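As stored in start32.txt (compact mmCIF, C-alpha atoms):
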```
# COMPACT_ATOMS: atom_id res chain seq x y z
CA MET A 2 -38.26 -20.27 66.85
CA ASP A 3 -38.65 -18.26 63.63
CA ASN A 4 -34.96 -18.85 62.85
CA ILE A 5 -35.49 -22.65 62.91
CA ASP A 6 -38.47 -22.36 60.50
CA PHE A 7 -36.37 -20.36 58.01
CA LYS A 8 -33.64 -22.99 58.12
CA ARG A 9 -36.14 -25.78 57.58
CA LEU A 10 -37.73 -23.84 54.71
CA GLY A 11 -34.26 -23.30 53.15
CA TYR A 12 -33.42 -27.01 53.40
CA LEU A 13 -36.74 -28.05 51.88
CA THR A 14 -36.35 -25.54 49.03
CA GLY A 15 -32.82 -26.81 48.30
CA ILE A 16 -33.98 -30.44 48.33
CA GLY A 17 -36.93 -29.57 46.05
CA LEU A 18 -34.69 -27.80 43.52
CA GLY A 19 -32.24 -30.72 43.61
CA ILE A 20 -35.05 -33.18 42.86
CA ILE A 21 -36.26 -31.01 39.95
CA ILE A 22 -32.74 -30.79 38.44
CA VAL A 23 -32.09 -34.54 38.77
CA THR A 24 -35.51 -35.34 37.26
CA ALA A 25 -34.91 -32.97 34.30
CA PHE A 26 -31.49 -34.55 33.68
CA ILE A 27 -32.90 -38.10 33.76
CA PHE A 28 -35.69 -37.18 31.35
CA SER A 29 -33.42 -35.32 28.92
CA GLN A 30 -30.62 -37.89 28.88
CA LEU A 31 -32.41 -41.21 29.36
CA ILE A 32 -36.18 -41.19 28.88
CA PHE A 33 -36.55 -38.78 25.91
CA PRO A 34 -33.82 -40.44 23.82
CA ILE A 35 -35.35 -43.89 24.42
CA VAL A 36 -38.90 -42.73 23.63
CA LEU A 37 -38.07 -40.37 20.75
CA GLY A 38 -34.92 -42.10 19.52
CA ARG A 39 -31.47 -40.60 19.11
CA THR A 40 -30.45 -38.97 15.85
CA PRO A 41 -28.25 -41.29 13.83
CA LYS A 42 -24.55 -40.65 13.38
CA VAL A 43 -23.17 -39.87 9.93
CA GLU A 44 -19.64 -39.80 8.59
CA THR A 45 -18.19 -36.32 8.14
CA PRO A 46 -17.43 -35.77 4.43
CA ASN A 47 -14.08 -34.40 3.29
CA VAL A 48 -14.56 -30.77 2.22
CA GLN A 49 -10.94 -29.59 2.29
CA GLY A 50 -10.01 -27.89 -0.99
CA MET A 51 -13.66 -27.45 -1.99
CA ASN A 52 -15.36 -24.12 -2.63
CA LEU A 53 -17.48 -22.91 0.31
CA LEU A 54 -20.74 -23.03 -1.68
CA GLU A 55 -20.11 -26.61 -2.87
CA ALA A 56 -19.23 -27.69 0.67
CA LYS A 57 -22.45 -26.18 2.08
CA LYS A 58 -24.52 -28.11 -0.48
CA LEU A 59 -22.70 -31.34 0.37
CA MET A 60 -23.23 -30.79 4.11
CA GLU A 61 -26.94 -30.06 3.61
CA GLY A 62 -27.25 -33.38 1.78
CA GLU A 63 -25.70 -35.13 4.81
CA LYS A 64 -27.98 -33.11 7.17
CA LEU A 65 -24.99 -31.34 8.75
CA HIS A 66 -24.35 -27.66 9.39
CA LEU A 67 -21.27 -25.85 8.08
CA VAL A 68 -19.91 -22.86 10.02
CA VAL A 69 -16.95 -20.71 8.96
CA LYS A 70 -14.73 -20.44 12.03
CA ASP A 71 -11.90 -18.36 10.54
CA SER A 72 -10.32 -17.15 7.31
CA LEU A 73 -6.62 -17.02 6.43
CA PHE A 74 -4.52 -15.75 3.54
CA SER A 75 -3.29 -18.55 1.28
CA GLU A 76 -0.96 -18.23 -1.67
CA SER A 77 -1.87 -21.72 -2.94
CA GLN A 78 -5.69 -21.76 -2.59
CA PRO A 79 -8.26 -19.45 -4.22
CA THR A 80 -10.64 -17.26 -2.23
CA GLU A 81 -13.29 -19.21 -0.24
CA ALA A 82 -11.54 -22.56 -0.68
CA ILE A 83 -11.71 -24.64 2.51
CA LEU A 84 -8.29 -25.03 4.16
CA GLU A 85 -9.20 -26.97 7.34
CA GLN A 86 -12.22 -28.67 8.87
CA ASP A 87 -13.17 -29.82 12.37
CA PRO A 88 -14.16 -32.61 12.98
CA PRO A 89 -11.87 -34.17 10.38
CA ALA A 90 -13.18 -36.15 7.41
CA GLY A 91 -14.38 -39.66 8.24
CA GLU A 92 -15.25 -38.94 11.88
CA LYS A 93 -18.81 -39.87 12.90
CA ILE A 94 -21.05 -37.10 14.27
CA ARG A 95 -24.79 -36.89 14.86
CA GLN A 96 -27.09 -35.59 12.14
CA ASP A 97 -27.74 -31.86 12.59
CA GLY A 98 -24.20 -31.63 13.99
CA THR A 99 -21.85 -28.80 13.05
CA VAL A 100 -18.63 -28.93 11.03
CA TYR A 101 -16.36 -25.90 11.52
CA VAL A 102 -14.13 -24.80 8.64
CA VAL A 103 -11.32 -22.34 7.94
CA ILE A 104 -11.52 -20.74 4.50
CA SER A 105 -8.96 -19.01 2.29
CA ARG A 106 -8.96 -15.25 1.84
CA GLY A 107 -6.84 -15.65 -1.28
CA SER A 108 -3.39 -14.21 -1.78
CA SER A 109 -2.07 -11.65 0.70
CA THR A 110 -0.50 -9.64 -2.14
CA VAL A 111 -1.88 -7.96 -5.24
CA THR A 112 -0.24 -6.50 -8.33
CA LEU A 113 -0.61 -2.74 -8.42
CA PRO A 114 -2.34 -1.64 -11.64
CA ASP A 115 -1.23 1.30 -13.78
CA LEU A 116 -3.10 4.28 -12.37
CA SER A 117 -1.39 6.95 -14.51
CA GLY A 118 -3.90 9.13 -16.32
CA LYS A 119 -6.88 7.87 -14.31
CA SER A 120 -9.00 10.40 -12.49
CA TYR A 121 -8.64 10.57 -8.72
CA GLN A 122 -12.04 8.87 -8.24
CA GLU A 123 -11.22 6.05 -10.68
CA ALA A 124 -7.90 5.43 -8.91
CA ILE A 125 -9.58 5.29 -5.49
CA ILE A 126 -12.16 2.77 -6.73
CA SER A 127 -9.42 0.60 -8.31
CA LEU A 128 -7.41 0.62 -5.08
CA ARG A 129 -10.42 -0.14 -2.86
CA ASN A 130 -11.40 -3.07 -5.10
CA LEU A 131 -7.92 -4.51 -4.50
CA ASP A 132 -8.25 -3.99 -0.70
CA LEU A 133 -5.61 -1.25 -0.71
CA LYS A 134 -5.53 2.07 1.13
CA TYR A 135 -4.47 5.33 -0.51
CA ALA A 136 -2.95 8.66 0.40
CA ILE A 137 -2.24 11.77 -1.65
CA ALA A 138 1.52 12.24 -1.37
CA ASP A 139 1.97 15.29 -3.60
CA SER A 140 0.62 17.27 -6.52
CA VAL A 141 2.69 18.47 -9.47
CA TYR A 142 2.16 20.54 -12.59
CA SER A 143 1.85 18.39 -15.69
CA ASP A 144 1.11 19.27 -19.29
CA ASP A 145 0.36 15.58 -20.00
CA TYR A 146 -2.33 14.89 -17.36
CA ALA A 147 -5.61 16.61 -16.58
CA VAL A 148 -6.24 18.31 -13.24
CA ASN A 149 -6.74 15.80 -10.38
CA SER A 150 -5.64 12.83 -12.43
CA VAL A 151 -2.90 10.48 -11.25
CA VAL A 152 0.60 11.23 -12.54
CA ARG A 153 2.21 8.23 -10.80
CA SER A 154 1.90 6.04 -7.74
CA VAL A 155 4.38 4.86 -5.13
CA PRO A 156 5.04 1.94 -5.30
CA TYR A 157 5.00 1.92 -9.09
CA SER A 158 2.50 -0.04 -11.18
CA GLY A 159 3.33 -3.71 -11.69
CA ASN A 160 4.82 -4.12 -8.20
CA LYS A 161 3.37 -6.66 -5.78
CA VAL A 162 2.03 -5.06 -2.59
CA LYS A 163 0.40 -6.50 0.51
CA LYS A 164 -3.35 -6.08 0.83
CA ARG A 165 -4.37 -3.24 3.15
CA SER A 166 -1.08 -1.43 2.55
CA THR A 167 -1.07 2.24 1.55
CA VAL A 168 -0.40 3.41 -2.00
CA LYS A 169 0.75 7.02 -2.35
CA LEU A 170 -0.69 8.99 -5.25
CA ILE A 171 0.89 11.98 -6.98
CA LEU A 172 -1.85 14.05 -8.63
CA SER A 173 -1.72 16.57 -11.45
CA ARG A 174 -2.34 20.27 -10.78
CA GLY A 175 -2.90 20.76 -14.49
CA ASN A 176 -0.77 22.64 -17.05
CA THR A 177 2.35 24.47 -15.96
CA PRO A 178 1.32 28.08 -15.35
CA LEU A 179 2.72 30.80 -17.58
CA PRO A 180 4.94 33.37 -15.90
CA ASP A 181 3.43 36.77 -15.21
CA SER A 182 5.14 40.16 -15.14
CA THR A 183 5.29 40.24 -11.34
CA ASN A 184 7.29 37.06 -11.09
CA SER A 185 10.93 38.12 -11.15
CA ALA A 186 12.18 34.55 -11.51
CA TYR A 187 11.27 34.55 -15.21
CA PRO A 188 12.53 37.12 -17.75
CA VAL A 189 9.92 39.39 -19.31
CA TYR A 190 10.17 39.75 -23.09
CA PRO A 191 8.46 42.55 -25.02
CA MET A 192 5.63 41.56 -27.36
CA GLN A 193 6.54 41.14 -30.97
CA GLY A 194 4.35 41.70 -34.01
CA ASP A 195 1.17 43.70 -34.54
CA GLU A 196 -0.25 45.85 -31.80
CA TYR A 197 -3.70 44.98 -30.61
```
Here is the file; what I need is its structure written in the form of structure tokens.
Amino acid sequence: MDNIDFKRLGYLTGIGLGIIIVTAFIFSQLIFPIVLGRTPKVETPNVQGMNLLEAKKLMEGEKLHLVVKDSLFSESQPTEAILEQDPPAGEKIRQDGTVYVVISRGSSTVTLPDLSGKSYQEAIISLRNLDLKYAIADSVYSDDYAVNSVVRSVPYSGNKVKKRSTVKLILSRGNTPLPDSTNSAYPVYPMQGDEY
């Protein structure tokens, strides 16, 4: 007998939940829009080729939301220029609707600046500002460059490199050391002139 009561209770609960869901749907889709009114539809403006900030202002004026969906490298468009939009221009959407855009990240390549003579820290900052990675490839003695300054880079300055690629730096160890008397690779000459 208890088993039959649980079944009946289950059926009644299911029917009650079904009635609540159907009632909520009818109110949200039919009664509320009639009583409160639906938001009007507006034509989606064309924002392709515009700067992101200008496009946001235009969309706010039309009471639409602008969301950046993706960003791509573009050799022909500057950074933050809008490449694509969805829905397309001219399509009608409701006010407070959302327009999704794809923006430009700018060129995928940069011209490597001349880093010779710059301190290690200055070179790192220059490379990071260009979205490049760096690695110390070697260090050499140089009478022309101060200790820890860049002697040269690989690839060389003026070359175009892809963003996020690695630039190898060759740093200066400072002046070429003078030979000492224990180094047999260099000849030892006696001192000339006055004695100390």
Range 102-105 of chain A: which residues within 7 Å, counting all atoms listed in the file, same-chain residues fewer than 2 positions away excluded, as a compact mmCIF listing (two decimals) with C-alpha atoms, in the coordinates of the input?
```
# COMPACT_ATOMS: atom_id res chain seq x y z
CA VAL A 68 -19.91 -22.86 10.02
CA VAL A 69 -16.95 -20.71 8.96
CA LYS A 70 -14.73 -20.44 12.03
CA ASP A 71 -11.90 -18.36 10.54
CA SER A 72 -10.32 -17.15 7.31
CA LEU A 73 -6.62 -17.02 6.43
CA PHE A 74 -4.52 -15.75 3.54
CA SER A 75 -3.29 -18.55 1.28
CA GLN A 78 -5.69 -21.76 -2.59
CA PRO A 79 -8.26 -19.45 -4.22
CA THR A 80 -10.64 -17.26 -2.23
CA GLU A 81 -13.29 -19.21 -0.24
CA ALA A 82 -11.54 -22.56 -0.68
CA ILE A 83 -11.71 -24.64 2.51
CA LEU A 84 -8.29 -25.03 4.16
CA GLU A 85 -9.20 -26.97 7.34
CA GLN A 86 -12.22 -28.67 8.87
CA ASP A 87 -13.17 -29.82 12.37
CA VAL A 100 -18.63 -28.93 11.03
CA GLY A 107 -6.84 -15.65 -1.28
```
query: Which polymer residues have any atom within 9 Å of an atom of Asp139 in chain A, counting all atoms listed in the file, with same-chain residues fewer than 4 positions away left out, as a ChimeraX atom specification?
result: /A:169-173
Can you pull out the residues contacting Val111 in chain A? Cut-off 12 Å, using only C-alpha atoms, and skip same-chain residues under 2 positions away; I want them as a PDB file with C-alpha atoms, in the coordinates of the input.
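Produced file selection_22.pdb, reproduced below:
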```
ATOM      1  CA  GLU A  76      -0.960 -18.230  -1.670  1.00  0.00           C
ATOM      2  CA  GLY A 107      -6.840 -15.650  -1.280  1.00  0.00           C
ATOM      3  CA  SER A 108      -3.390 -14.210  -1.780  1.00  0.00           C
ATOM      4  CA  SER A 109      -2.070 -11.650   0.700  1.00  0.00           C
ATOM      5  CA  LEU A 113      -0.610  -2.740  -8.420  1.00  0.00           C
ATOM      6  CA  PRO A 114      -2.340  -1.640 -11.640  1.00  0.00           C
ATOM      7  CA  SER A 127      -9.420   0.600  -8.310  1.00  0.00           C
ATOM      8  CA  LEU A 128      -7.410   0.620  -5.080  1.00  0.00           C
ATOM      9  CA  ARG A 129     -10.420  -0.140  -2.860  1.00  0.00           C
ATOM     10  CA  ASN A 130     -11.400  -3.070  -5.100  1.00  0.00           C
ATOM     11  CA  LEU A 131      -7.920  -4.510  -4.500  1.00  0.00           C
ATOM     12  CA  ASP A 132      -8.250  -3.990  -0.700  1.00  0.00           C
ATOM     13  CA  LEU A 133      -5.610  -1.250  -0.710  1.00  0.00           C
ATOM     14  CA  SER A 158       2.500  -0.040 -11.180  1.00  0.00           C
ATOM     15  CA  GLY A 159       3.330  -3.710 -11.690  1.00  0.00           C
ATOM     16  CA  ASN A 160       4.820  -4.120  -8.200  1.00  0.00           C
ATOM     17  CA  LYS A 161       3.370  -6.660  -5.780  1.00  0.00           C
ATOM     18  CA  VAL A 162       2.030  -5.060  -2.590  1.00  0.00           C
ATOM     19  CA  LYS A 163       0.400  -6.500   0.510  1.00  0.00           C
ATOM     20  CA  LYS A 164      -3.350  -6.080   0.830  1.00  0.00           C
ATOM     21  CA  ARG A 165      -4.370  -3.240   3.150  1.00  0.00           C
ATOM     22  CA  SER A 166      -1.080  -1.430   2.550  1.00  0.00           C
ATOM     23  CA  VAL A 168      -0.400   3.410  -2.000  1.00  0.00           C
TER      24      VAL A 168
END
```
query: Of the candidates A:Pro88, A:Ile20, A:Ser29, A:Gln96, which shows the shortest atom-to-atom distance to Glu61 in chain A, using all atoms listed in the file?
result: A:Gln96
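With CA of Gly98 in chain A on one side and CA of Lys64 in chain A on the other, the separation reads 7.9 Å.
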task: Show which residues sit within 10 Å of Tyr146 in chain A, as a ChimeraX atom specification. Count all atoms listed in the file, and ignore same-chain residues fewer than 6 positions away.
output: /A:117-120,152,172-176
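Taking CA of Val48 in chain A as the reference point, CA of Ala90 in chain A is found at 7.6 Å.
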message: Under the rule that all atoms listed in the file are counted, which of A:Gly91, A:Asp144, A:Leu59, A:Asn52 is the nearest residue to Arg106 in chain A?
response: A:Asn52
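Atom pair CA of Glu55 in chain A / CA of Lys42 in chain A: separated by 21.9 Å.
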Box along x, y and z, 4 Å on every side, all listed atoms of range 52-63 of chain A inside: centre and edge lengths in Å to one decimal, as JSON.
```
{"center_x": -21.3, "center_y": -29.0, "center_z": 1.0, "size_x": 19.9, "size_y": 20.2, "size_z": 15.7}
```
